[in-house]
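Enquirer: Quick one: structure below, then a few questions.
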Amino acid sequence: MTAPIIRITALEKRFADNHVLRGIDLDVQKGDRIAILGSSGSGKSTLLRCLNFMEIPSAGQIELDGKAVGTPGKGPGGALARSYSQAELAAVRQRVGMVFQQFNLFGHMTVLGNVMEGPVTVLGLSREEARAKALLQLEKVGMAHKADAYPGRLSGGQQQRVAIARALAMEPEVLLFDEPTSSLDPELVSEVLTVIRDLASEGRTMLLVTHELGFAYHYASRVLFLADGQFYETGTPDEVLKHPQGERTQKFLERFT
Ligand code: ADP
Ligand code: MG
């Protein structure tokens, strides 16, 4: 049995008095497509941000390919916390790519420039190599024809597809999607979901926070419902979405019917 690509053990995250994540355990195997559901403010974004260390966990451990990130030590307030070097965090962020609700493209760079940036500055590719690679990724999301455009001239769906190309150009092992279609006009949602569906069918490992329950039902291998800082209910899409056992899950899903 190979080590899971990500193993989360007893993960906690606090913001001052706000104890957002209260003991998260999860194994992600290569090829898993995990949909994460939960009410607004339940900590879905915080969880994804902890996974690529844009937020530093307050407690617990994250392993990538069987190797724990960080060094154990004494954190603030005497709580057992780990310490992380900048080099280690940069390496983790390369391996665990993130796509945001608000795209977060660099407005002063062209589409091509946005996708080339990480490969040049982080991976150390030459500009020619990075350009060739960026164009391939842009083709994959159907955006190569806009390579020279600036993000401000694109629709939200187009911007999100560029953001996905940008994440892919870093050759991550795992992709995190944080409500990638939530800020899109309804008619633009499907072009982004189509790209994510194609990535899923390539066998990519992904964690997707979404309220697109139909998409989760068809494309997720597992569905996790987050409530009170823990996974309240988990299972196959059919189990969690069609036959939820917990009262909280049932209440949450009722809002979508
Ligand atoms: P979700 O994505 O499920 O809507 P979030 O992870 O964004 O939830 O937020 C969970 C809780 O953590 C909220 O109470 C939010 O206000 C708080 N929170 C998130 N990020 C920060 C931060 N950087 N500083 C302080 N509080 C935060
Ligand atoms: Mg969020």
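Residue numbering restarts at 1 in every chain; chains get A, B, ... in the order shown in the structure tokens, and ligands count up from 1 in that same order.
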Collect all residues with atoms no farther than 9 Å from ligand 1, counting only C-alpha atoms and all ligand atoms, and output them as a PyMOL selection string.
Expert: chain A and resi 13-16+18-21+37-49+55+178-179+209+226-227+229
Enquirer: Using DSSP on the backbone coordinates, identify all residues within stretch 25-238 of chain A classified as strand (DSSP E); present the result as a VMD selection string.
Expert: chain A and resid 25 to 28 33 to 37 59 to 64 67 to 68 71 to 74 80 to 83 96 to 99 174 to 178 205 to 209 222 to 227 230 to 235
Enquirer: With C-alpha atoms retained, write the just-selected residues as a PDB file, in the first residue's frame.
Expert:
ATOM      1  CA  ASP A  25      -8.358  13.755   9.631  1.00  0.00           C
ATOM      2  CA  LEU A  26      -8.245  12.831   5.968  1.00  0.00           C
ATOM      3  CA  ASP A  27      -6.282  10.593   3.625  1.00  0.00           C
ATOM      4  CA  VAL A  28      -6.248  11.655  -0.012  1.00  0.00           C
ATOM      5  CA  ARG A  33     -11.642  13.690  -6.514  1.00  0.00           C
ATOM      6  CA  ILE A  34     -12.942  15.034  -3.246  1.00  0.00           C
ATOM      7  CA  ALA A  35     -15.842  17.450  -3.023  1.00  0.00           C
ATOM      8  CA  ILE A  36     -16.051  19.465   0.188  1.00  0.00           C
ATOM      9  CA  LEU A  37     -19.393  20.918   1.202  1.00  0.00           C
ATOM     10  CA  ALA A  59      -1.999  22.095  15.463  1.00  0.00           C
ATOM     11  CA  GLY A  60      -1.875  18.756  13.749  1.00  0.00           C
ATOM     12  CA  GLN A  61       0.130  17.443  10.867  1.00  0.00           C
ATOM     13  CA  ILE A  62      -0.002  17.311   7.083  1.00  0.00           C
ATOM     14  CA  GLU A  63       2.020  14.693   5.208  1.00  0.00           C
ATOM     15  CA  LEU A  64       2.757  14.758   1.501  1.00  0.00           C
ATOM     16  CA  LYS A  67       6.607  12.899   4.635  1.00  0.00           C
ATOM     17  CA  ALA A  68       5.379  15.339   7.288  1.00  0.00           C
ATOM     18  CA  THR A  71       9.404  20.342  12.158  1.00  0.00           C
ATOM     19  CA  PRO A  72       7.658  19.640  15.453  1.00  0.00           C
ATOM     20  CA  GLY A  73       8.192  22.256  18.154  1.00  0.00           C
ATOM     21  CA  LYS A  74       6.594  24.407  20.819  1.00  0.00           C
ATOM     22  CA  LEU A  80       2.472  21.900  20.308  1.00  0.00           C
ATOM     23  CA  ALA A  81       2.946  23.408  16.880  1.00  0.00           C
ATOM     24  CA  ARG A  82       5.292  22.835  14.002  1.00  0.00           C
ATOM     25  CA  SER A  83       7.734  25.231  12.388  1.00  0.00           C
ATOM     26  CA  VAL A  96      -0.346  21.608  -4.111  1.00  0.00           C
ATOM     27  CA  GLY A  97      -1.829  24.119  -6.563  1.00  0.00           C
ATOM     28  CA  MET A  98      -4.773  26.360  -5.791  1.00  0.00           C
ATOM     29  CA  VAL A  99      -7.536  27.939  -7.859  1.00  0.00           C
ATOM     30  CA  VAL A 174      -2.769  17.991  -6.211  1.00  0.00           C
ATOM     31  CA  LEU A 175      -5.163  20.724  -7.287  1.00  0.00           C
ATOM     32  CA  LEU A 176      -7.309  22.643  -4.811  1.00  0.00           C
ATOM     33  CA  PHE A 177     -10.365  24.471  -6.127  1.00  0.00           C
ATOM     34  CA  ASP A 178     -12.040  26.915  -3.758  1.00  0.00           C
ATOM     35  CA  THR A 205      -5.977  14.382  -7.709  1.00  0.00           C
ATOM     36  CA  MET A 206      -8.229  17.217  -6.649  1.00  0.00           C
ATOM     37  CA  LEU A 207     -10.100  18.711  -3.739  1.00  0.00           C
ATOM     38  CA  LEU A 208     -12.985  20.907  -4.753  1.00  0.00           C
ATOM     39  CA  VAL A 209     -15.022  23.158  -2.503  1.00  0.00           C
ATOM     40  CA  ARG A 222     -15.936  11.153  -2.290  1.00  0.00           C
ATOM     41  CA  VAL A 223     -17.997  13.872  -0.661  1.00  0.00           C
ATOM     42  CA  LEU A 224     -17.144  15.416   2.707  1.00  0.00           C
ATOM     43  CA  PHE A 225     -19.523  17.642   4.660  1.00  0.00           C
ATOM     44  CA  LEU A 226     -17.785  20.052   7.022  1.00  0.00           C
ATOM     45  CA  ALA A 227     -19.610  21.347  10.107  1.00  0.00           C
ATOM     46  CA  GLN A 230     -14.936  18.608  11.608  1.00  0.00           C
ATOM     47  CA  PHE A 231     -16.061  16.252   8.890  1.00  0.00           C
ATOM     48  CA  TYR A 232     -19.587  15.679  10.069  1.00  0.00           C
ATOM     49  CA  GLU A 233     -20.506  13.233   7.324  1.00  0.00           C
ATOM     50  CA  THR A 234     -18.426  11.613   4.592  1.00  0.00           C
ATOM     51  CA  GLY A 235     -19.043   8.986   1.940  1.00  0.00           C
TER      52      GLY A 235
END
Enquirer: Given only C-alpha atoms and all ligand atoms as the basis, pick out the residue of A:Ser201, A:Asn104, A:Ser182, A:Gln245 nearest to ligand 2.
Expert: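 The answer is A:Ser182, which sits nearest to ligand 2.
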Enquirer: Need the shell around A:Arg255: protein/DNA/RNA residues with any atom at most 12 Å away, counting only C-alpha atoms. Skip same-chain ones fewer than 3 positions apart. Format as an NGL selection string?
Expert: :A and (38-39 or 211 or 213 or 248-252)
Enquirer: Find the residues around A:Glu88 up to 12 Å (only C-alpha atoms counted), leave out those fewer than 2 positions away in its own chain, and share them as a list in words.
Expert: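 Using only C-alpha atoms, the neighbours found are Asn52, Phe53, Leu64, Lys67, Ala68, Val69, Gly70, Thr71, Ser83, Tyr84, Ser85, Gln86, Ala90, Ala91, Val92, Arg93, Gln94 and Arg95 of chain A.
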Enquirer: Based on DSSP run over this structure's backbone, return all residues of stretch 43-225 of chain A in alpha helix (DSSP H), as JSON, numbers by chain.
Expert: {"A": [44, 45, 46, 47, 48, 49, 50, 51, 86, 87, 88, 89, 90, 91, 92, 93, 94, 95, 111, 112, 113, 114, 115, 116, 117, 118, 119, 120, 121, 127, 128, 129, 130, 131, 132, 133, 134, 135, 136, 137, 138, 139, 140, 156, 157, 158, 159, 160, 161, 162, 163, 164, 165, 166, 167, 168, 169, 189, 190, 191, 192, 193, 194, 195, 196, 197, 198, 199, 200, 201, 213, 214, 215, 216, 217, 218, 219]}
Enquirer: List the neighbours of A:His218 out to 10 Å using only C-alpha atoms; skip same-chain residues closer than 2 positions along the sequence, and give me the result as a ChimeraX atom specification.
Expert: /A:197,213-216,220-221,237-238
Enquirer: Store the residues picked out above in a file with N, CA and C atoms, as a JSON list (two decimals), in the first residue's frame.
Expert:
[["chain", "number", "residue", "atom", "x", "y", "z"],
["A", 197, "ARG", "N", -13.92, 19.03, -15.18],
["A", 197, "ARG", "CA", -14.32, 17.66, -15.51],
["A", 197, "ARG", "C", -13.24, 16.97, -16.34],
["A", 213, "LEU", "N", -23.83, 20.93, -6.61],
["A", 213, "LEU", "CA", -24.04, 19.57, -6.10],
["A", 213, "LEU", "C", -24.17, 18.56, -7.24],
["A", 214, "GLY", "N", -24.74, 18.96, -8.35],
["A", 214, "GLY", "CA", -24.86, 18.06, -9.49],
["A", 214, "GLY", "C", -23.48, 17.65, -10.00],
["A", 215, "PHE", "N", -22.61, 18.62, -10.07],
["A", 215, "PHE", "CA", -21.24, 18.34, -10.51],
["A", 215, "PHE", "C", -20.56, 17.40, -9.52],
["A", 216, "ALA", "N", -20.69, 17.71, -8.23],
["A", 216, "ALA", "CA", -20.08, 16.86, -7.19],
["A", 216, "ALA", "C", -20.62, 15.44, -7.30],
["A", 220, "ALA", "N", -17.27, 13.63, -8.31],
["A", 220, "ALA", "CA", -16.47, 13.38, -7.10],
["A", 220, "ALA", "C", -16.37, 11.88, -6.85],
["A", 221, "SER", "N", -15.23, 11.46, -6.31],
["A", 221, "SER", "CA", -15.13, 10.07, -5.85],
["A", 221, "SER", "C", -15.60, 9.99, -4.40],
["A", 237, "PRO", "N", -20.67, 10.02, -3.24],
["A", 237, "PRO", "CA", -21.66, 11.04, -3.59],
["A", 237, "PRO", "C", -23.09, 10.54, -3.34],
["A", 238, "ASP", "N", -23.33, 9.28, -3.66],
["A", 238, "ASP", "CA", -24.67, 8.75, -3.46],
["A", 238, "ASP", "C", -25.04, 8.71, -1.98]]
Enquirer: Atom CA of A:Gln29 to atom CA of A:Arg7: how many Å, to one decimal?
Expert: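 A separation of 8.7 Å between them.
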Enquirer: Which one is closest to ligand 2: A:Leu241, A:Gln102, A:Tyr150, A:Leu168? Count only C-alpha atoms and all ligand atoms.
Expert: A:Gln102
